[in-house]
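*Asks:* Here it is: the structure, laid out below.
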Amino acid sequence: MRRLFKFLLSFIITIVVICVLFVSTFCILFYKDDHIDNSQIKEENRNIPTIIDNTIFEGLNSIDDESKDLKVLFSTYDLEAIFYSIISSIDLTNKPIEFNGVKVYLENNQYNIDIGVKVYSFPTQVHALLDIKENNGSFEISLVDVKLAKVGMVGGLTKFFLSKINKDDIEQNLQSNYQLYLDIDLENLKISLTKENIIKTIDAYVQVLPELSIMKLLASIFLNNHDLLEFNFGENEAIGAILHLKDAYYNKLTLGELPYTYDFASEIEKEEKLLEEKVITLEQVSPVFDFLINGYSNMEETNKDIIDSINFSSIGIYSNKLYTGIIHQNNKNLNDYCSEKVVDLSSLVIDGKLGFEIQQSNLNDVLKNLPIIGKGSLFKSTDNQLAYLIIEQFNINCKIDQAILDLIININGTQVYLEIDLSCQKSLEYRINGTISSANIGKFTLTKDQQSDLIKYIDATLQQQNIDWIKVNSEDETISFDLEDALISNSKIKELIDNNPNVTTTTSFIEGAIKIEYQL
């Protein structure tokens with residue numbers, strides 16, 4: 001009996017020791033209760049849209065005067081806030097897991113992520129080591145190492161847990177909640193942000209803000225030109241891209257003065273004053289900017305109710321509905337510059353020939369009325385400062401047998417230009433067909449796909465305002481200038497044609513104008 005008692009006692013002690021050793025070993029291996037402080041992120045209410053907004057603002061607001069570099073860089077703190085926002089959005093209701101903070105830091109040029117969790121109130125921590133690199137214009141994020149507290153999990157164990165996750169659900173959640181498109185490869189522990197993903201992400205924002213469609217075009221161009229775009233991984237503890245604008249910006253010293261300019265910076269100062277005085281909120285800055293730039297009658301109808309409720313007297317505006325903005329659209333069309341009042345044929349007859357010129361400045365006055373002029377987007381900092389990206393001008397330059405179309409985009413004071421060079425031979429009718437010689441952003445020639453995207457963008461833009469004297473054929477990528485409707489609207493010209501059925505008409509591009517001649 002005594003022996004049996006000793007055996008049982010020894011057995012029980014052995015079991016207890018084994019349990020204690022198991023629990024101790026388990027705790028030593030898996031217990032980790034480091035305090036991760038995300039109180040500042042919570043206090044600032046930082047989320048993915050505000051982080052992106054602020055990061056783009058910082059880049060726009062600090063374009064280098066000499067190099068013209070625009071840096072869009074996310075700090076480790078930004079990444080920490082992004083991960084915090086994503087993880088916090090995961091529904092853990094009725095699950096034994098509790099999220100307990102996230103920390104992101106850079107070590108040996110690799111990104112480390114610590115995620116604090118509690119499983120059935122047991123505190124532990126997931127540590128992930130990421131390798132981030134660029135591959136042909138795409139971001140690739142690879143999971144190099146994973147630990148649960150002190151236990152390495154990379155390989156089969158990690159893949160086992162990840163096999164329980166539906167990657168399609170994650171991708172759909174990111175698309176629905178954050179307009180963020182990613183390719184998730186759980187098998188190879190990799191996440192990719194491809195060029196196509198970036199374009200899709202921008203396109204999702206364009207659906208909400210159509211005026212941002214120019215950003216989709218610019219992104220396509222920059223992503224496919226390594227002279228314009230440089231990726232940054234870890235330098236100065238930041239990740240992102242640097243846009244080299246020096247060879248893409250409009251240099252007035254070498255290219256000549258533009259037909260007109262606007263002081264957008266002063267309007268930004270007015271709006272920042274309204275924010276400081278709490279006259280407007282951050283949610284109202286975009287419609288207010290539209291109002292200050294384009295005036296009440298030319299702004300989006302859906303935003304007029306917002307403007308009606310704001311008192312702008314502190315910046316010198318006392319009648320909202322009468323305010324015309326800084327872009328004074330003249331609402332003129334080509335017919336106005338071909339009317340009897342402007343074109344007097346009787347004074348132009350010389351040796352049986354008569355003719356006249358439609359000046360380049362008049363053509364640009366008509367193009368100035370396009371609805372995209374003055375449209376763009378604002379980006380906000382965390383301390384209520386503003387930066388802008390806006391479509392400033394769409395111009396035509398007339399040369400001998402040549403037309404050059406310029407689209408000017410003002411990036412917080414730096415004017416970037418897209419250009420299409422057309423060969424336009426003299427025509428025996430009122431229509432001149434232009435074939436594209438080249439298409440560029442600054443000094444850089446666009447690829448065929450980018451050229452096609454630019455032509456489609458211009459086509460859509462012209463159709464919005466019913467500018468029918470410039471016709472774009474997206475299929476064969478030609479642009480024609482059809483002046484017949486405008487010229488025939490002049491009764492004197494119509495009378496001339498009717499009375500002289502054998503008259504020969506020639507239309508041509510000359511320096512600074514389009515010239516129309518009649519041989520009687």
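Just so we're on the same page: first chain in the structure tokens is A, next is B, and so on; residues restart at 1 for each chain, and ligands are numbered from 1 in the order they show up.
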I want to know what sits within 10 Å of A:Ser489, based on only C-alpha atoms, with residues of the same chain fewer than 2 positions away left out; could you give that as a VMD selection string?
*Replies:* chain A and resid 334 to 336 338 to 340 484 to 487 491 to 494
*Asks:* Just want the 7 Å neighbourhood of stretch 177-188 of chain A, counted on only C-alpha atoms, with same-chain residues fewer than 4 positions away dropped. Output as an MDAnalysis selection string.
*Replies:* chainID A and resid 159 162 167 171 173 192:193 197 200:201 204
*Asks:* Enumerate, as a compact mmCIF listing (two decimals) with N, CA, C and O atoms, in the first residue's frame, the complete set of residues in stretch 65-274 of chain A that a backbone-based DSSP assignment places in helix (DSSP H, G or I).
*Replies:*
```
# COMPACT_ATOMS: atom_id res chain seq x y z
N THR A 76 7.85 55.79 -41.52
CA THR A 76 7.48 54.60 -40.76
C THR A 76 6.25 54.88 -39.89
O THR A 76 5.43 53.99 -39.67
N TYR A 77 6.12 56.12 -39.44
CA TYR A 77 4.93 56.48 -38.65
C TYR A 77 3.67 56.42 -39.51
O TYR A 77 2.61 55.98 -39.06
N ASP A 78 3.79 56.86 -40.78
CA ASP A 78 2.66 56.76 -41.71
C ASP A 78 2.27 55.30 -41.93
O ASP A 78 1.08 54.95 -41.90
N LEU A 79 3.28 54.45 -42.15
CA LEU A 79 3.01 53.03 -42.36
C LEU A 79 2.38 52.40 -41.13
O LEU A 79 1.48 51.56 -41.22
N GLU A 80 2.85 52.83 -39.95
CA GLU A 80 2.30 52.34 -38.69
C GLU A 80 0.81 52.68 -38.60
O GLU A 80 -0.02 51.84 -38.22
N ALA A 81 0.48 53.91 -38.98
CA ALA A 81 -0.92 54.34 -38.94
C ALA A 81 -1.76 53.59 -39.97
O ALA A 81 -2.92 53.27 -39.73
N ILE A 82 -1.17 53.29 -41.15
CA ILE A 82 -1.90 52.55 -42.18
C ILE A 82 -2.19 51.13 -41.70
O ILE A 82 -3.33 50.64 -41.81
N PHE A 83 -1.17 50.45 -41.15
CA PHE A 83 -1.38 49.10 -40.63
C PHE A 83 -2.39 49.11 -39.47
O PHE A 83 -3.23 48.22 -39.36
N TYR A 84 -2.28 50.13 -38.62
CA TYR A 84 -3.20 50.25 -37.49
C TYR A 84 -4.64 50.38 -38.00
O TYR A 84 -5.57 49.74 -37.48
N SER A 85 -4.82 51.21 -39.03
CA SER A 85 -6.15 51.43 -39.58
C SER A 85 -6.72 50.15 -40.18
O SER A 85 -7.89 49.81 -39.98
N ILE A 86 -5.88 49.41 -40.93
CA ILE A 86 -6.35 48.18 -41.58
C ILE A 86 -6.68 47.11 -40.54
O ILE A 86 -7.75 46.49 -40.58
N ILE A 87 -5.75 46.90 -39.58
CA ILE A 87 -5.97 45.84 -38.58
C ILE A 87 -7.15 46.18 -37.69
O ILE A 87 -7.94 45.31 -37.32
N SER A 88 -7.30 47.46 -37.35
CA SER A 88 -8.41 47.87 -36.49
C SER A 88 -9.76 47.66 -37.16
O SER A 88 -10.79 47.54 -36.48
N GLY A 156 6.31 26.32 -43.51
CA GLY A 156 5.10 25.50 -43.50
C GLY A 156 4.06 25.95 -42.50
O GLY A 156 2.87 25.97 -42.80
N LEU A 157 4.50 26.32 -41.28
CA LEU A 157 3.54 26.71 -40.24
C LEU A 157 2.79 27.99 -40.64
O LEU A 157 1.58 28.08 -40.48
N THR A 158 3.55 28.97 -41.17
CA THR A 158 2.91 30.21 -41.60
C THR A 158 1.92 29.93 -42.73
O THR A 158 0.80 30.43 -42.73
N LYS A 159 2.36 29.13 -43.70
CA LYS A 159 1.49 28.82 -44.83
C LYS A 159 0.25 28.05 -44.38
O LYS A 159 -0.82 28.19 -44.97
N PHE A 160 0.41 27.23 -43.33
CA PHE A 160 -0.73 26.50 -42.80
C PHE A 160 -1.79 27.46 -42.28
O PHE A 160 -2.97 27.34 -42.58
N PHE A 161 -1.32 28.45 -41.47
CA PHE A 161 -2.27 29.43 -40.93
C PHE A 161 -2.86 30.28 -42.05
O PHE A 161 -4.06 30.58 -42.07
N LEU A 162 -2.01 30.69 -43.01
CA LEU A 162 -2.49 31.55 -44.09
C LEU A 162 -3.45 30.81 -45.01
O LEU A 162 -4.29 31.42 -45.67
N LYS A 167 -7.85 34.93 -49.48
CA LYS A 167 -7.19 36.13 -49.99
C LYS A 167 -8.14 37.01 -50.79
O LYS A 167 -8.01 38.24 -50.81
N ASP A 168 -9.12 36.39 -51.45
CA ASP A 168 -10.09 37.17 -52.21
C ASP A 168 -10.90 38.09 -51.29
O ASP A 168 -11.23 39.22 -51.67
N ASP A 169 -11.21 37.60 -50.08
CA ASP A 169 -11.94 38.43 -49.11
C ASP A 169 -11.11 39.64 -48.70
O ASP A 169 -11.63 40.75 -48.55
N ILE A 170 -9.80 39.42 -48.49
CA ILE A 170 -8.90 40.52 -48.10
C ILE A 170 -8.82 41.55 -49.22
O ILE A 170 -8.95 42.76 -48.99
N GLU A 171 -8.59 41.08 -50.45
CA GLU A 171 -8.48 41.99 -51.60
C GLU A 171 -9.77 42.79 -51.77
O GLU A 171 -9.74 44.00 -52.01
N GLN A 172 -10.91 42.11 -51.63
CA GLN A 172 -12.20 42.79 -51.79
C GLN A 172 -12.43 43.81 -50.69
O GLN A 172 -12.95 44.91 -50.94
N ASN A 173 -12.02 43.48 -49.47
CA ASN A 173 -12.16 44.41 -48.34
C ASN A 173 -11.33 45.67 -48.57
O ASN A 173 -11.79 46.80 -48.33
N LEU A 174 -10.10 45.51 -49.06
CA LEU A 174 -9.23 46.66 -49.33
C LEU A 174 -9.81 47.51 -50.46
O LEU A 174 -9.74 48.75 -50.41
N GLN A 175 -10.38 46.86 -51.46
CA GLN A 175 -10.96 47.61 -52.58
C GLN A 175 -12.21 48.38 -52.15
O GLN A 175 -12.39 49.54 -52.51
N SER A 176 -13.05 47.72 -51.37
CA SER A 176 -14.33 48.33 -50.97
C SER A 176 -14.14 49.45 -49.96
O SER A 176 -14.78 50.51 -50.07
N ASN A 177 -13.27 49.23 -48.97
CA ASN A 177 -13.14 50.18 -47.87
C ASN A 177 -12.08 51.26 -48.10
O ASN A 177 -12.19 52.36 -47.56
N TYR A 178 -11.05 50.94 -48.90
CA TYR A 178 -9.94 51.88 -49.04
C TYR A 178 -9.61 52.20 -50.50
O TYR A 178 -8.66 52.94 -50.76
N LYS A 195 1.69 48.27 -61.55
CA LYS A 195 1.30 49.49 -62.27
C LYS A 195 -0.21 49.50 -62.49
O LYS A 195 -0.87 50.53 -62.32
N GLU A 196 -0.73 48.33 -62.88
CA GLU A 196 -2.17 48.24 -63.13
C GLU A 196 -2.97 48.49 -61.86
O GLU A 196 -4.03 49.13 -61.89
N ASN A 197 -2.46 47.99 -60.71
CA ASN A 197 -3.13 48.23 -59.43
C ASN A 197 -3.17 49.72 -59.12
O ASN A 197 -4.19 50.24 -58.63
N ILE A 198 -2.04 50.40 -59.35
CA ILE A 198 -1.97 51.84 -59.06
C ILE A 198 -2.98 52.60 -59.91
O ILE A 198 -3.69 53.48 -59.41
N ILE A 199 -3.06 52.25 -61.20
CA ILE A 199 -4.02 52.90 -62.10
C ILE A 199 -5.45 52.62 -61.65
O ILE A 199 -6.32 53.51 -61.63
N LYS A 200 -5.73 51.36 -61.24
CA LYS A 200 -7.07 51.01 -60.76
C LYS A 200 -7.42 51.80 -59.49
O LYS A 200 -8.56 52.23 -59.30
N THR A 201 -6.43 51.94 -58.60
CA THR A 201 -6.65 52.69 -57.36
C THR A 201 -7.00 54.14 -57.66
O THR A 201 -7.94 54.71 -57.09
N ILE A 202 -6.24 54.76 -58.56
CA ILE A 202 -6.52 56.15 -58.94
C ILE A 202 -7.88 56.24 -59.62
O ILE A 202 -8.66 57.16 -59.38
N ASP A 203 -8.18 55.24 -60.46
CA ASP A 203 -9.46 55.23 -61.18
C ASP A 203 -10.64 55.17 -60.22
O ASP A 203 -11.69 55.78 -60.46
N ALA A 204 -10.46 54.46 -59.10
CA ALA A 204 -11.52 54.38 -58.09
C ALA A 204 -11.81 55.76 -57.51
O ALA A 204 -12.96 56.11 -57.24
N TYR A 205 -10.76 56.56 -57.30
CA TYR A 205 -10.95 57.92 -56.80
C TYR A 205 -11.54 58.82 -57.88
O TYR A 205 -12.32 59.73 -57.59
N VAL A 206 -11.19 58.55 -59.16
CA VAL A 206 -11.72 59.34 -60.26
C VAL A 206 -13.24 59.18 -60.38
O VAL A 206 -13.95 60.12 -60.75
N GLN A 207 -13.73 57.98 -60.03
CA GLN A 207 -15.18 57.76 -60.08
C GLN A 207 -15.92 58.71 -59.15
O GLN A 207 -17.04 59.12 -59.42
N VAL A 208 -15.26 59.06 -58.04
CA VAL A 208 -15.86 59.98 -57.06
C VAL A 208 -15.56 61.42 -57.45
O VAL A 208 -16.41 62.31 -57.33
N PRO A 210 -14.32 63.17 -60.73
CA PRO A 210 -13.95 63.07 -62.15
C PRO A 210 -12.83 64.02 -62.56
O PRO A 210 -12.09 63.73 -63.50
N GLU A 211 -12.70 65.16 -61.86
CA GLU A 211 -11.66 66.11 -62.22
C GLU A 211 -10.25 65.54 -62.01
O GLU A 211 -9.26 66.10 -62.48
N LEU A 212 -10.16 64.43 -61.28
CA LEU A 212 -8.86 63.80 -61.04
C LEU A 212 -8.45 62.88 -62.19
O LEU A 212 -7.41 62.22 -62.11
N SER A 213 -9.24 62.83 -63.27
CA SER A 213 -8.92 61.91 -64.37
C SER A 213 -7.56 62.21 -64.98
O SER A 213 -6.90 61.31 -65.49
N ILE A 214 -7.13 63.47 -64.90
CA ILE A 214 -5.80 63.81 -65.42
C ILE A 214 -4.72 63.11 -64.62
O ILE A 214 -3.65 62.78 -65.15
N MET A 215 -4.97 62.82 -63.33
CA MET A 215 -3.99 62.12 -62.50
C MET A 215 -3.79 60.69 -62.99
O MET A 215 -2.68 60.14 -62.90
N LYS A 216 -4.85 60.09 -63.49
CA LYS A 216 -4.74 58.73 -64.04
C LYS A 216 -3.82 58.74 -65.25
O LYS A 216 -2.96 57.86 -65.41
N LEU A 217 -3.97 59.75 -66.10
CA LEU A 217 -3.12 59.88 -67.28
C LEU A 217 -1.67 60.13 -66.87
O LEU A 217 -0.74 59.50 -67.38
N LEU A 218 -1.47 61.05 -65.93
CA LEU A 218 -0.11 61.36 -65.46
C LEU A 218 0.55 60.15 -64.82
O LEU A 218 1.74 59.90 -65.04
N ALA A 219 -0.21 59.41 -64.02
CA ALA A 219 0.35 58.23 -63.36
C ALA A 219 0.82 57.21 -64.39
O ALA A 219 1.90 56.62 -64.25
N SER A 220 0.03 57.01 -65.44
CA SER A 220 0.41 56.07 -66.49
C SER A 220 1.72 56.50 -67.14
O SER A 220 2.59 55.67 -67.43
N ILE A 221 1.87 57.80 -67.35
CA ILE A 221 3.09 58.31 -67.99
C ILE A 221 4.30 58.16 -67.07
O ILE A 221 5.35 57.66 -67.47
N PHE A 222 4.15 58.58 -65.83
CA PHE A 222 5.27 58.56 -64.89
C PHE A 222 5.71 57.12 -64.56
O PHE A 222 6.91 56.85 -64.44
N LEU A 223 4.75 56.22 -64.42
CA LEU A 223 5.09 54.84 -64.06
C LEU A 223 5.87 54.12 -65.14
O LEU A 223 6.55 53.13 -64.88
N GLU A 235 15.39 54.86 -47.63
CA GLU A 235 16.29 55.99 -47.44
C GLU A 235 15.58 57.07 -46.62
O GLU A 235 14.44 57.43 -46.90
N ASN A 236 16.29 57.56 -45.60
CA ASN A 236 15.71 58.53 -44.65
C ASN A 236 14.45 57.96 -43.99
O ASN A 236 13.51 58.70 -43.66
N GLU A 237 14.45 56.64 -43.82
CA GLU A 237 13.34 55.93 -43.16
C GLU A 237 12.00 56.26 -43.79
O GLU A 237 11.00 56.50 -43.11
N LYS A 252 9.37 79.12 -69.00
CA LYS A 252 9.02 80.29 -69.81
C LYS A 252 10.24 80.93 -70.47
O LYS A 252 10.12 81.57 -71.52
N LEU A 253 11.41 80.75 -69.88
CA LEU A 253 12.63 81.34 -70.45
C LEU A 253 12.99 80.70 -71.78
O LEU A 253 13.51 81.36 -72.68
N THR A 254 12.72 79.42 -71.91
CA THR A 254 13.06 78.72 -73.16
C THR A 254 11.86 78.49 -74.06
O THR A 254 12.01 78.40 -75.28
N LEU A 255 10.66 78.42 -73.50
CA LEU A 255 9.46 78.11 -74.29
C LEU A 255 8.60 79.33 -74.59
O LEU A 255 7.68 79.25 -75.41
N PHE A 264 -3.03 81.18 -58.37
CA PHE A 264 -3.73 80.21 -57.53
C PHE A 264 -3.26 80.29 -56.07
O PHE A 264 -4.03 80.03 -55.15
N ALA A 265 -1.99 80.66 -55.87
CA ALA A 265 -1.43 80.69 -54.51
C ALA A 265 -2.18 81.66 -53.62
O ALA A 265 -2.41 81.39 -52.43
N SER A 266 -2.58 82.81 -54.18
CA SER A 266 -3.29 83.79 -53.35
C SER A 266 -4.68 83.27 -52.95
O SER A 266 -5.17 83.58 -51.86
N GLU A 267 -5.29 82.47 -53.82
CA GLU A 267 -6.59 81.89 -53.49
C GLU A 267 -6.45 80.83 -52.40
O GLU A 267 -7.32 80.69 -51.54
N ILE A 268 -5.33 80.11 -52.42
CA ILE A 268 -5.05 79.13 -51.36
C ILE A 268 -4.89 79.86 -50.02
O ILE A 268 -5.40 79.40 -48.99
N GLU A 269 -4.18 80.98 -50.04
CA GLU A 269 -4.00 81.76 -48.80
C GLU A 269 -5.34 82.22 -48.24
O GLU A 269 -5.57 82.21 -47.03
N LYS A 270 -6.25 82.64 -49.12
CA LYS A 270 -7.59 83.05 -48.68
C LYS A 270 -8.32 81.89 -48.01
O LYS A 270 -8.98 82.04 -46.98
N GLU A 271 -8.19 80.72 -48.64
CA GLU A 271 -8.91 79.55 -48.11
C GLU A 271 -8.32 79.11 -46.77
O GLU A 271 -9.05 78.72 -45.85
N GLU A 272 -7.00 79.18 -46.64
CA GLU A 272 -6.37 78.84 -45.36
C GLU A 272 -6.80 79.83 -44.27
O GLU A 272 -6.95 79.45 -43.11
N LYS A 273 -7.01 81.08 -44.66
CA LYS A 273 -7.51 82.09 -43.71
C LYS A 273 -8.92 81.72 -43.24
O LYS A 273 -9.24 81.82 -42.04
N LEU A 274 -9.75 81.26 -44.17
CA LEU A 274 -11.11 80.84 -43.80
C LEU A 274 -11.08 79.64 -42.86
O LEU A 274 -11.89 79.54 -41.93
```
*Asks:* Would you compute the distance between atom CA of A:Gly316 and atom CA of A:Ser62? Give it in Å to one decimal.
*Replies:*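 Computing it gives 29.1 Å between the two atoms.
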*Asks:* Please return, as a PyMOL selection string, all residues of stretch 147-323 of chain A that DSSP assigns to strand (DSSP E or B) on the basis of the backbone.
*Replies:* chain A and resi 147-148+151-152+183-185+190-193+229-233+238-244+249
*Asks:* Keeping N, CA and C atoms for every residue in the selection just given, could you write it to a file as a compact mmCIF listing (two decimals), in the first residue's frame?
*Replies:*
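Written file, result07.txt:
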```txt
# COMPACT_ATOMS: atom_id res chain seq x y z
N LYS A 147 7.59 35.63 -36.65
CA LYS A 147 7.73 34.99 -35.33
C LYS A 147 6.49 35.26 -34.51
N LEU A 148 6.09 34.26 -33.76
CA LEU A 148 5.06 34.45 -32.74
C LEU A 148 5.82 34.49 -31.42
N VAL A 151 9.07 32.29 -31.29
CA VAL A 151 9.03 31.07 -32.11
C VAL A 151 8.92 31.45 -33.58
N GLY A 152 9.92 31.01 -34.37
CA GLY A 152 9.88 31.25 -35.80
C GLY A 152 8.77 30.47 -36.46
N ASP A 183 -2.39 42.71 -55.27
CA ASP A 183 -2.38 41.28 -55.60
C ASP A 183 -1.73 40.55 -54.43
N ILE A 184 -2.49 39.68 -53.78
CA ILE A 184 -1.99 38.95 -52.61
C ILE A 184 -1.69 37.51 -52.98
N ASP A 185 -0.43 37.10 -52.76
CA ASP A 185 0.02 35.75 -53.07
C ASP A 185 0.41 35.06 -51.76
N LYS A 190 3.71 36.96 -50.53
CA LYS A 190 4.07 38.18 -51.25
C LYS A 190 2.83 39.01 -51.55
N ILE A 191 3.00 40.35 -51.47
CA ILE A 191 1.94 41.28 -51.86
C ILE A 191 2.52 42.20 -52.94
N SER A 192 1.78 42.39 -54.02
CA SER A 192 2.28 43.22 -55.12
C SER A 192 1.33 44.38 -55.39
N LEU A 193 1.93 45.56 -55.53
CA LEU A 193 1.19 46.75 -55.98
C LEU A 193 1.73 47.06 -57.37
N LEU A 229 10.44 59.07 -62.88
CA LEU A 229 10.01 58.47 -61.62
C LEU A 229 11.12 57.62 -61.01
N GLU A 230 11.34 57.82 -59.73
CA GLU A 230 12.33 57.03 -58.99
C GLU A 230 11.70 56.54 -57.70
N PHE A 231 11.82 55.25 -57.42
CA PHE A 231 11.27 54.70 -56.19
C PHE A 231 12.28 54.84 -55.06
N ASN A 232 11.77 55.04 -53.86
CA ASN A 232 12.61 55.18 -52.67
C ASN A 232 12.21 54.09 -51.66
N PHE A 233 13.18 53.30 -51.24
CA PHE A 233 12.91 52.22 -50.28
C PHE A 233 13.85 52.35 -49.09
N ALA A 238 11.99 56.24 -45.11
CA ALA A 238 10.74 56.53 -45.84
C ALA A 238 10.64 55.63 -47.05
N ILE A 239 9.41 55.45 -47.50
CA ILE A 239 9.14 54.65 -48.69
C ILE A 239 8.19 55.42 -49.58
N GLY A 240 8.42 55.35 -50.90
CA GLY A 240 7.53 56.07 -51.81
C GLY A 240 8.20 56.33 -53.14
N ALA A 241 7.89 57.47 -53.73
CA ALA A 241 8.40 57.78 -55.07
C ALA A 241 8.84 59.24 -55.14
N ILE A 242 9.79 59.49 -56.04
CA ILE A 242 10.26 60.85 -56.31
C ILE A 242 10.00 61.13 -57.78
N LEU A 243 9.24 62.19 -58.05
CA LEU A 243 8.95 62.60 -59.42
C LEU A 243 9.93 63.69 -59.83
N HIS A 244 10.67 63.45 -60.90
CA HIS A 244 11.65 64.42 -61.39
C HIS A 244 10.97 65.28 -62.46
N TYR A 249 8.59 70.41 -66.76
CA TYR A 249 7.86 71.63 -66.41
C TYR A 249 8.02 72.68 -67.51
```
*Asks:* Do a neighbour search on A:Asn362 at 9 Å with only C-alpha atoms, toss out local chain neighbours closer than 3 positions, and write the hits as a VMD selection string.
*Replies:* chain A and resid 334 337 358 to 359 365 to 367 513
*Asks:* For A:Gln393, work out the shell of residues within 9 Å, counting only C-alpha atoms and skipping chain neighbours fewer than 3 positions away, then give it as a list in words.
*Replies:*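 Once the adjacent positions are removed, what remains is Leu258, Pro259, Tyr260, Thr261, Leu367, Lys368, Ile372, Ile373, Gly374, Asp406, Leu407, Ile408, Ile409 and Asn410 of chain A.
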*Asks:* Show which residues sit within 7 Å of A:Ile510, as a ChimeraX atom specification. Count only C-alpha atoms, and ignore same-chain residues fewer than 5 positions away.
*Replies:* /A:398-401,515
*Asks:* Output C-alpha atoms of each residue in that selection to a file, as a CSV table (one decimal), in the first residue's frame.
*Replies:*
```csv
chain,number,residue,atom,x,y,z
A,398,CYS,CA,0.0,78.0,-84.8
A,399,LYS,CA,3.1,77.5,-86.9
A,400,ILE,CA,3.6,77.2,-90.6
A,401,ASP,CA,1.9,74.0,-91.6
A,515,LYS,CA,-5.4,81.7,-92.8
```
*Asks:* How far is it from atom CA of A:Asn369 to atom CA of A:Glu301, in Å with one decimal?
*Replies:*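 Spanning atom CA of A:Asn369 to atom CA of A:Glu301 is a straight-line distance of 17.3 Å.
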